[in-house]
Amino acid sequence: MSARRISTGGHRIAIAALAVTVLGGAVAATALARKAAPAPYVIGWVTGFTGSQATNAASATQGLQAALANVNKNNIAGRTIKVYYADDAADPVTAGNVCNRLVNQTHVSAILGFESTPSTAACNTYLTPNNMPYVLAQTSTSGSLCIPNFFSLANVGNQQVNPLMSYLTKNGTKKIYVVASDFASGHVGAAAVAQQAAADGATIVGTSYEPLGTTDFSSDISKIAAAQPDTVIDILVGSDETAFYKQFKTDPRSNGIKTASFLMDDGIAAAIGGQLLQGTIVSTGYFKDNQSKGNQEFIAALQKKYGDKAEISGAAAAAWDGVFMLAHALKSAKSTSGPDVITSLLTAKTSGPRGDLAFKNRHYVSLTTYIVQEQKDGTAKLVTKAQRITPIPANPTC
Amino acid sequence: MSLTLDTLVAIATLILVVTGLFLIFGLLHVVNLAHTGLMAVGVYAEVSFRGHGVSFWPSLVLAALVTGAVGGVIEFVVIRRLYARPLDTILATWGISLVLVQCIVEIYGSGQRFLDLPTVGATTVLGTPYSNYRLLLIVLGASLVAALALIVRFTTVGLTIRAVMTNEPLARSHGINTVRVRQLTFITGAALAGFAGAVLGPIQGVDPNFGATLVATGFLAVLLSGRTLVGLVLSCVVLATTQTLFSRYENAVWANAVVIGLAVVILRFRPQGLSLRRT
């Protein structure tokens with residue numbers, strides 16, 4: 001009986017020792033694992049989920065999320081990137097408030113933004129003093145911001161305007177009429193067109209600015225008909241651009257006048273339809289019919305994640321490029337400190353749906369511009385492209 | 001001639017947009033901020049119907065019916081409980097508009113939708129070739145006003161509506177079911193919003209915020225109308241003509257400000273608006 005008791009007690013001691021060993025091993029393994037996996041890099045994604053930019057913001061967010069899934073799965077940044085979402089409501093005051101919260105309460109390490117220039121400037125008032133990187137993942141921007149922590153993946157005026165003007169003037173355009181939305185990029189774009197027209201020997205025969213949200217373009221159509229240009233260049237945004245084309249192209253006064261755009265993306269082109277849009281020349285940083293490997297990978301990733309609801313657009317492509325650019329910079333920096341990542345961004349480059357992108361010690365990216373012609377079946381045909389165009393921001397101090 | 005036609009199109013567009021708003025405000029005293037959401041419901045219903053092969057005219061009718069049904073639900077669930085608190089309806093209808101827009105985003109996505117024009121041809125009017133569809137807008141706007149005038153002036157429904165608008169307690173004491181009148185008015189106003197959305201969709205960009213800027217001038221027109229149909233037509237003529245002329249000869253960016261300023265000045269000197277009714 002007593003021997004049995006002793007024997008039972010021995011078993012208990014052995015089991016306890018085994019348990020302690022296993023538990024200790026597990027704790028040690030966990031500790032080692034914790035040491036091996038660096039802490040996530042926390043970023044904020046700031047865009048106008050509500051307000052006038054909501055349509056593009058949703059599409060851009062799809063690009064962001066698809067890219068994050070890819071970057072984290074393949075450990076491209078050397079650590080996980082975690083994102084917090086913030087709605088700037090396309091309003092600079094709100095943008096300032098949400099960025100303040102992200103910086104001082106959430107303690108993000110960087111911000112990726114799909115914002116207008118005023119909102120971007122407001123957001124950076126909280127990042128710049130803290131040496132925190134801000135990467136603008138937009139399709140186009142005025143190029144008026146010039147601050148050390150700010151990096152833009154968006155086209156600036158010369159990158160889209162110059163190749164477009166060069167193509168148009170080589171193909172017979174001598175007289176140009178500009179219709180623009182009354183906002184920063186509209187005015188900067190119109191000025192860039194006027195400057196390049198003078199250089200290329202073309203004449204601006206008229207310019208109209210329309211407030212954002214314009215639904216009736218009859219006064220512009222009348223002015224265009226009176227001016228009789230060879231080509232109308234529109235610098236309108238979103239639904240305004242769609243409404244303009246639907247009204248202009250069905251108006252008999254537009255007969256014989258060609259059209260060109262440098263803010264139109266595939267989503268707007270699809271909303272207008274190939275029947276009305278055919279022949280229109282578009283200068284763009286992204287078009288979905290691009291057969292490049294980077295674009296095919298981007299489309300496949302978006303469709304895998306969102307299925308039928310995938311919104312393949314320039315906005316989504318810009319957000320995708322933004323995530324990858326930041327991930328590459330982070331890996332090169334081998335640090336998460338703001339100054340290190342900013343330094344790394346200056347030499348960062350990536351290749352994605354919009355082609356090769358590189359900062360080359362600038363804060364605005366050099367990129368490829370595609371000149372495409374819209375077709376009746378709704379596709380876009382590449383007519384020429386200008387690669388690795390050096391940006392010339394509107395702000396000469398950049 | 002093209003200026004005249006452009007002005008007529010602007011007037012007709014404004015009439016199409018504001019008629020539903022006018023009915024709901026005039027009879028129910030509800031400032032319906034869900035009007036843009038209802039217009040969006042109409043245009044997206046048309047996108048769906050035409051996407052399923054329904055032709056243009058039937059899709060307009062179906063879009064109006066769908067929006068009317070949505071309006072019926074909104075009236076039953078929310079608006080009916082707020083008739084005694086007209087100011088609260090501003091907040092409630094604004095919230096409803098957000099819900100409608102978000103529902104559209106969930107169903108159709110946030111991007112723009114393709115909606116083609118049923119006709120892209122042109123007709124020559126007094127020597128000026130002009131887009132068929134824009135001419136159609138003029139015809140539809142004029143027809144809508146004429147139909148409303150006939151209904152209000154010569155039918156029992158119109159008599160009932162006038163009675164309720166003039167003195168609701170008295171109308172109720174004469175056996176008119178004012179609750180039903182309110183319900184039907186909201187449904188009709190919603191259906192007209194949907195109809196306007198469906199008619200204007202083919203020459204606009206179609207996204208979930210459809211109609212937001214169209215309705216801004218619409219509210220001014222309703223304020224100037226003095227709750228009469230004649231006042232509504234006059235206010236649409238004054239505002240749309242001012243906007244068109246100012247955009248043509250001056251600056252489109254300032255035209256909106258001029259229209260708002262004009263409305264303020266008119267209301268300052270004629271608080272009853274552009275109604276011809278004696279006060």
# chains A, B, ... in the order shown; residues from 1 in each chain; ligands from 1
call {"tool": "residues_around", "arguments": {"residues": "B:Arg182", "least_positions_apart": "2", "cutoff": "9 Å", "atoms": "only C-alpha atoms", "output": "PyMOL selection string"}}
result
chain B and resi 24+27-28+75+80+164+177-180+184-187
call {"tool": "interface_residues", "arguments": {"of": "chain B", "to": "chain A", "cutoff": "9 Å", "atoms": "only C-alpha atoms", "output": "tab-separated table (two decimals) with C-alpha atoms, in the first residue's frame"}}
result
chain	number	residue	atom	x	y	z
B	2	SER	CA	-29.64	78.62	-78.56
B	3	LEU	CA	-29.64	80.93	-75.55
B	6	ASP	CA	-30.59	76.72	-73.00
B	7	THR	CA	-32.65	78.89	-70.65
B	10	ALA	CA	-32.52	75.17	-67.23
B	108	TYR	CA	-24.16	49.49	-56.37
B	109	GLY	CA	-20.74	50.54	-55.09
B	110	SER	CA	-19.47	54.09	-54.79
B	111	GLY	CA	-18.27	54.57	-58.36
B	112	GLN	CA	-20.16	56.24	-61.16
B	113	ARG	CA	-22.66	54.20	-63.16
B	114	PHE	CA	-23.20	54.21	-66.88
B	115	LEU	CA	-26.61	55.41	-68.06
B	116	ASP	CA	-26.87	56.12	-71.74
B	117	LEU	CA	-29.06	58.64	-73.49
B	119	THR	CA	-31.46	59.49	-78.14
B	120	VAL	CA	-28.30	61.29	-79.25
B	121	GLY	CA	-29.77	63.00	-82.29
B	122	ALA	CA	-30.65	66.65	-82.87
B	129	PRO	CA	-29.98	72.44	-84.33
B	130	TYR	CA	-30.47	71.32	-80.72
B	131	SER	CA	-30.05	68.09	-78.78
B	132	ASN	CA	-33.20	65.95	-78.82
B	133	TYR	CA	-32.84	64.94	-75.21
B	134	ARG	CA	-32.58	68.51	-74.01
B	202	PRO	CA	-28.85	60.26	-68.75
B	203	ILE	CA	-27.25	63.73	-69.04
B	204	GLN	CA	-25.56	63.74	-65.63
B	205	GLY	CA	-22.92	61.72	-63.86
B	206	VAL	CA	-24.64	58.97	-61.87
B	207	ASP	CA	-23.08	58.42	-58.46
B	208	PRO	CA	-24.55	57.91	-54.98
B	209	ASN	CA	-24.49	61.68	-54.32
B	210	PHE	CA	-26.58	62.28	-57.43
B	211	GLY	CA	-28.66	65.44	-57.34
B	212	ALA	CA	-26.95	67.07	-54.37
B	213	THR	CA	-26.07	70.26	-56.24
B	214	LEU	CA	-29.26	70.27	-58.31
B	244	THR	CA	-28.04	80.80	-67.28
B	245	LEU	CA	-27.54	84.42	-68.29
B	247	SER	CA	-23.03	81.91	-66.56
B	248	ARG	CA	-23.15	82.83	-70.25
B	249	TYR	CA	-22.17	86.47	-70.06
B	251	ASN	CA	-18.85	84.01	-64.65
B	252	ALA	CA	-20.29	80.57	-63.91
B	253	VAL	CA	-18.48	80.45	-60.58
B	254	TRP	CA	-20.30	83.56	-59.36
B	256	ASN	CA	-24.58	80.43	-57.82
call {"tool": "residues_around", "arguments": {"residues": "B:Val152", "least_positions_apart": "4", "cutoff": "8 Å", "atoms": "only C-alpha atoms", "output": "list in words"}}
result
Leu148, Val157, Gly158, Leu159, Ile161 and Arg162 of chain B
call {"tool": "residues_around", "arguments": {"residues": "stretch 31-37 of chain B", "least_positions_apart": "2", "cutoff": "7 Å", "atoms": "only C-alpha atoms", "output": "list in words"}}
result
Leu21, Phe25, His29, Met39, Ala40, Val41, Thr89, Ile90, Thr93, Trp94, Ile96, Ser97, Leu100, Val101, Ala193, Phe210, Gly211, Ala212 and Val215 of chain B
call {"tool": "write_last_selection", "arguments": {"atoms": "C-alpha atoms", "output": "compact mmCIF listing (two decimals), in the first residue's frame"}}
result
# COMPACT_ATOMS: atom_id res chain seq x y z
CA LEU B 21 -39.99 69.07 -52.98
CA PHE B 25 -43.09 71.35 -48.30
CA HIS B 29 -44.47 71.73 -44.15
CA MET B 39 -33.59 61.33 -56.65
CA ALA B 40 -30.62 59.00 -56.35
CA VAL B 41 -32.98 56.08 -55.67
CA THR B 89 -38.11 66.70 -39.88
CA ILE B 90 -35.04 68.57 -41.16
CA THR B 93 -34.85 63.67 -43.48
CA TRP B 94 -31.15 64.53 -43.52
CA ILE B 96 -32.73 59.40 -44.08
CA SER B 97 -30.78 60.86 -46.99
CA LEU B 100 -30.39 56.06 -48.64
CA VAL B 101 -27.01 57.07 -50.05
CA ALA B 193 -38.16 63.04 -57.02
CA PHE B 210 -26.58 62.28 -57.43
CA GLY B 211 -28.66 65.44 -57.34
CA ALA B 212 -26.95 67.07 -54.37
CA VAL B 215 -31.38 70.50 -55.18
call {"tool": "atom_distance", "arguments": {"atom1": "atom CA of A:Ala191", "atom2": "atom CA of A:Asn158"}}
result
10.4 Å
call {"tool": "closest_residue", "arguments": {"among": "B:Ala69, B:Val30, B:Leu137, B:Ile74", "to": "B:Leu91", "atoms": "only C-alpha atoms"}}
result
B:Val30
call {"tool": "residues_around", "arguments": {"residues": "A:Thr343", "least_positions_apart": "4", "cutoff": "8 Å", "atoms": "only C-alpha atoms", "output": "ChimeraX atom specification"}}
result
/A:333,339,347
call {"tool": "closest_atom_pairs", "arguments": {"of": "stretch 25-102 of chain A", "to": "stretch 318-321 of chain A", "cutoff": "8 Å", "atoms": "only C-alpha atoms", "output": "tab-separated table"}}
result
residue	atom	partner	partner_atom	distance
A:Ala60	CA	A:Ala319	CA	5.5
A:Thr61	CA	A:Ala319	CA	7.1
A:Gly63	CA	A:Trp320	CA	4.9
A:Leu64	CA	A:Ala319	CA	5.0
A:Ala66	CA	A:Trp320	CA	7.3
A:Ala67	CA	A:Trp320	CA	5.1
call {"tool": "residues_around", "arguments": {"residues": "B:Ala263", "least_positions_apart": "2", "cutoff": "10 Å", "atoms": "only C-alpha atoms", "output": "VMD selection string"}}
result
chain B and resid 217 220 to 221 223 to 224 235 238 to 239 257 to 261 265 to 268 273
call {"tool": "residues_around", "arguments": {"residues": "stretch 368-384 of chain A", "least_positions_apart": "5", "cutoff": "9 Å", "atoms": "only C-alpha atoms", "output": "ChimeraX atom specification"}}
result
/A:155,159-160,163-164,167,266,269-270,273-290,354-357,389
call {"tool": "decode", "arguments": {"residues": "stretch 310-340 of chain A", "atoms": "C-alpha atoms", "output": "short mmCIF file (atom, residue, chain, number, x, y, z; two decimals), in the first residue's frame"}}
result
data_model
loop_
_atom_site.label_atom_id
_atom_site.label_comp_id
_atom_site.auth_asym_id
_atom_site.auth_seq_id
_atom_site.Cartn_x
_atom_site.Cartn_y
_atom_site.Cartn_z
CA ALA A 310 -13.61 45.51 -57.28
CA GLU A 311 -13.25 49.10 -58.46
CA ILE A 312 -10.22 49.13 -60.73
CA SER A 313 -9.23 52.76 -61.09
CA GLY A 314 -6.38 55.21 -61.02
CA ALA A 315 -7.28 56.00 -57.41
CA ALA A 316 -6.96 52.35 -56.38
CA ALA A 317 -3.68 52.06 -58.32
CA ALA A 318 -2.28 55.16 -56.59
CA ALA A 319 -3.15 53.76 -53.15
CA TRP A 320 -1.61 50.41 -54.10
CA ASP A 321 1.61 52.16 -55.17
CA GLY A 322 1.57 54.21 -51.96
CA VAL A 323 1.54 51.13 -49.75
CA PHE A 324 4.32 49.43 -51.72
CA MET A 325 6.47 52.57 -51.81
CA LEU A 326 6.17 52.99 -48.05
CA ALA A 327 6.86 49.28 -47.51
CA HIS A 328 10.04 49.40 -49.62
CA ALA A 329 11.20 52.54 -47.81
CA LEU A 330 10.52 50.93 -44.46
CA LYS A 331 12.52 47.84 -45.32
CA SER A 332 15.46 49.92 -46.56
CA ALA A 333 15.36 52.16 -43.50
CA LYS A 334 15.69 49.18 -41.14
CA SER A 335 14.08 51.45 -38.59
CA THR A 336 10.66 52.89 -37.89
CA SER A 337 11.85 56.31 -36.79
CA GLY A 338 10.36 59.14 -38.80
CA PRO A 339 13.64 60.74 -39.98
CA ASP A 340 15.02 57.33 -41.08
#
